[in-house]
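Some notes on the structure that comes next.
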Amino acid sequence: MTRVWRNWGRTVTARPAAVARPESVDEVAALVRFARGEGRTLKAVGAGHSFTAIAAADDLQIDLGALSGIRGIRGSRITFGAGTRLYDVAPLLRPHGLALENMGDIDRQTVAGATSTGTHGTGARFGGLATRIVGAELITGEGRPLTVSDTENAELLPAVQLGLGGLGILTTLTIDCVDAFLLHAVERPMGFDEVLDDVDAQMSATDHVEFYWWPHTERVMMKANTRLPGGAERRPVGAVADWVEERLLSNGVLAAKCAVGHAIPALTPAINRLATRVYGDREYVDHSHEVFTAPRDVRFREMEYALPREAVPSALRELRRAIDEAGWRIEFPVEVRVAAADDTWLSTAYGRDSGYIAVHRSVREDPTAYFAAAERIFLAHDGRPHWGKMHSLGRAELEARYPRFGDFLAVRDRLDPERMFTNPYLARVLDGERVE
Ligand SMILES: Cc1cc2nc3c(=O)[nH]c(=O)nc-3n(C[C@H](O)[C@H](O)[C@H](O)COP(=O)(O)OP(=O)(O)OC[C@H]3O[C@@H](n4cnc5c(N)ncnc54)[C@H](O)[C@@H]3O)c2cc1C
């Protein structure tokens with residue numbers, strides 16, 4: 001019986017011919033050699049949290065869940081099995097007094113999946129996970145182990161840090177961690193224009209700033225996190241308050257409002273206005289991973305683009321006009337984050353300080369028209385799509401947006417000359433085929 005695989009966002013279904021769950025690097029190498037000998041393709045899957053079909057296997061699927069945990073420690077440089085889930089990383093690092101420098105909104109992903117798509121959080125002075133990858137071990141398309149680090153095959157590192165799953169099967173990743181720290185979180189509502197008129201200052205006022213704008217309202221919810229030393233006093237929100245805020249208010253209310261908005265779309269603006277009143281306005285201090293991430297119980301679809309940071313206000317105002325003019329009722333907030341310029345070749349923040357705008361729709365709603373309009377606006381503002389979130393670009397458009405795209409393709413030719421690790425998504429974005 002064919003096993004059906006679906007991603008978290010329910011945007012992709014695949015029917016891999018077989019699923020392999022290797023328990024050692026040797027088994028991974030043997031699988032690659034077997035697949036190569038048979039002329040098959042082999043696609044690694046992480047936690048299936050990409051909204052694009054980047055992880056979809058149309059032939060053999062390989063799941064590295066068994067290759068997890070700490071594999072090596074050298075000072076702040078910690079080597080993890082590629083299948084380690086981010087929610088396991090904090091407890092694994094705690095005994096060593098270390099933490100990840102920055103994190104995105106959730107911790108369900110695998111280390112390999114997160115870095116391979118450019119997963120990022122927010123922070124004007126900080127980059128995404130890929131920028132902290134200082135080493136990797138992978139099995140290439142020829143079934144050979146390859147070590148890449150800043151001292152060994154160093155020329156490959158800026159490609160392997162964010163390889164889209166197209167360069168080999170990663171077996172370990174070495175992350176340069178930082179001393180464990182706490183975050184002082186301040187969440188409060190602000191006005192849409194109040195934030196956008198002064199967005200640069202707002203987004204760099206503290207270490208990690210992001211905001212959510214509720215369509216059909218004048219309000220944004222601002223979240224500003226300041227880094228504190230690990231020895232600072234914790235002032236967590238408390239289990240009950242946390243449950244009320246995260247599960248009931250944030251996720252529970254969101255689920256209920258999506259249901260009501262789906263049944264009676266005309267009510268969405270009023271529900272969004274209500275949401276701006278129940279969310280936010282709290283302050284707490286907790287371990288970094290507790291503050292960076294939160295559960296996401298309501299299933300949604302997402303598109304996110306990175307823009308030159310200065311383009312954010314104009315793009316967001318255009319998006320607002322587009323929503324108003326089209327008359328859509330958008331039940332999910334628009335999220336805005338920032339990242340520092342980096343030098344990872346396919347990073348959405350390559351070479352430029354970036355601002356991210358993410359649009360979402362509940363799985364109950366058809367996102368096509370809204371996302372298409374948002375994408376037109378983001379592209380007109382020189383945007384680059386998140387590799388793991390919905391977008392329509394192919395190789396030609398992407399090549400024009402990434403100065404080192406050709407170098408990345410050359411590394412792929414070297415490490416996977418026979419395209420063992422391809423799938424229709426990679427064929428589209430890297431080879432220019434329209435086969436999805
Ligand atoms: C609810 C939700 C919240 C999210 N929040 C954020 C956020 O805050 N910031 C952000 O940037 N993104 C966010 N994302 C997107 C998510 O971080 C990325 O899509 C990420 O890639 C998912 O990791 P995964 O382990 O599920 O990888 P998958 O989606 O399973 O795979 C992604 C890619 O990694 C490759 N891969 C996996 N394992 C290996 C391996 N061992 N060797 C080689 N290649 C491998 C796959 O082949 C594929 O190409 C979110 C997604 C969801 C669903």
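Letters for chains follow the order of the structure tokens (A, B, ...), residue numbers begin at 1 for each chain, and ligand numbers begin at 1 in the order shown.
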
Can you tell me which residues surround A:Ala349 at a distance of at most 8 Å, considering only C-alpha atoms, apart from same-chain residues fewer than 3 positions away, and format the answer as a ChimeraX atom specification? /A:127,306,339-342,352-354

Give me every helix (DSSP H, G or I) residue in stretch 34-206 of chain A, going by DSSP on the backbone, as a ChimeraX atom specification. /A:34-37,53-55,86-96,111-116,129-132,154-160,192-196,199-204

For ligand 1, return the neighbouring residues as a PyMOL selection string (distance at most 6 Å; only C-alpha atoms and all ligand atoms). chain A and resi 8-9+43-50+54-55+64+82+104-106+109-110+112-114+116-121+164-165+168-171+296+388

From the options A:Thr151, A:Asn7, A:Gln61, A:Gln161, which residue's atoms come nearest to A:Pro22, counting only C-alpha atoms?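 Residue with the minimum atom-to-atom distance to A:Pro22: A:Gln61.
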
Please return, as a PyMOL selection string, all residues of stretch 292-382 of chain A that DSSP assigns to strand (DSSP E) on the basis of the backbone. chain A and resi 300-308+334-339+354-362

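For A:Glu233, the non-local neighbours within 10 Å, defined as residues at least 5 positions apart in the same chain or in other chains and counting only C-alpha atoms, are Leu182, Leu228, Val285 and Asp286 of chain A.
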
Would you put the residues from that selection into a file with C-alpha atoms, as a PDB file, in the first residue's frame?
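Contents of again-v8.pdb, as written:
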ATOM      1  CA  LEU A 182      17.093  35.242  28.871  1.00  0.00           C
ATOM      2  CA  LEU A 228      19.576  39.605  29.243  1.00  0.00           C
ATOM      3  CA  VAL A 285      11.388  37.423  31.295  1.00  0.00           C
ATOM      4  CA  ASP A 286      12.194  33.830  30.382  1.00  0.00           C
TER       5      ASP A 286
END

Between A:Asp343, A:Asp26, A:Glu218, A:Glu418, which is the closest to A:Thr131 once you count only C-alpha atoms?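 Nearest to A:Thr131: A:Asp343.
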
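Residue neighbourhood of A:Met190, excluding near-sequence residues (fewer than 4 positions): A:Glu194, A:Val195, A:Arg219, A:Val220, A:Met221, A:Met222, at 8 Å, using only C-alpha atoms.
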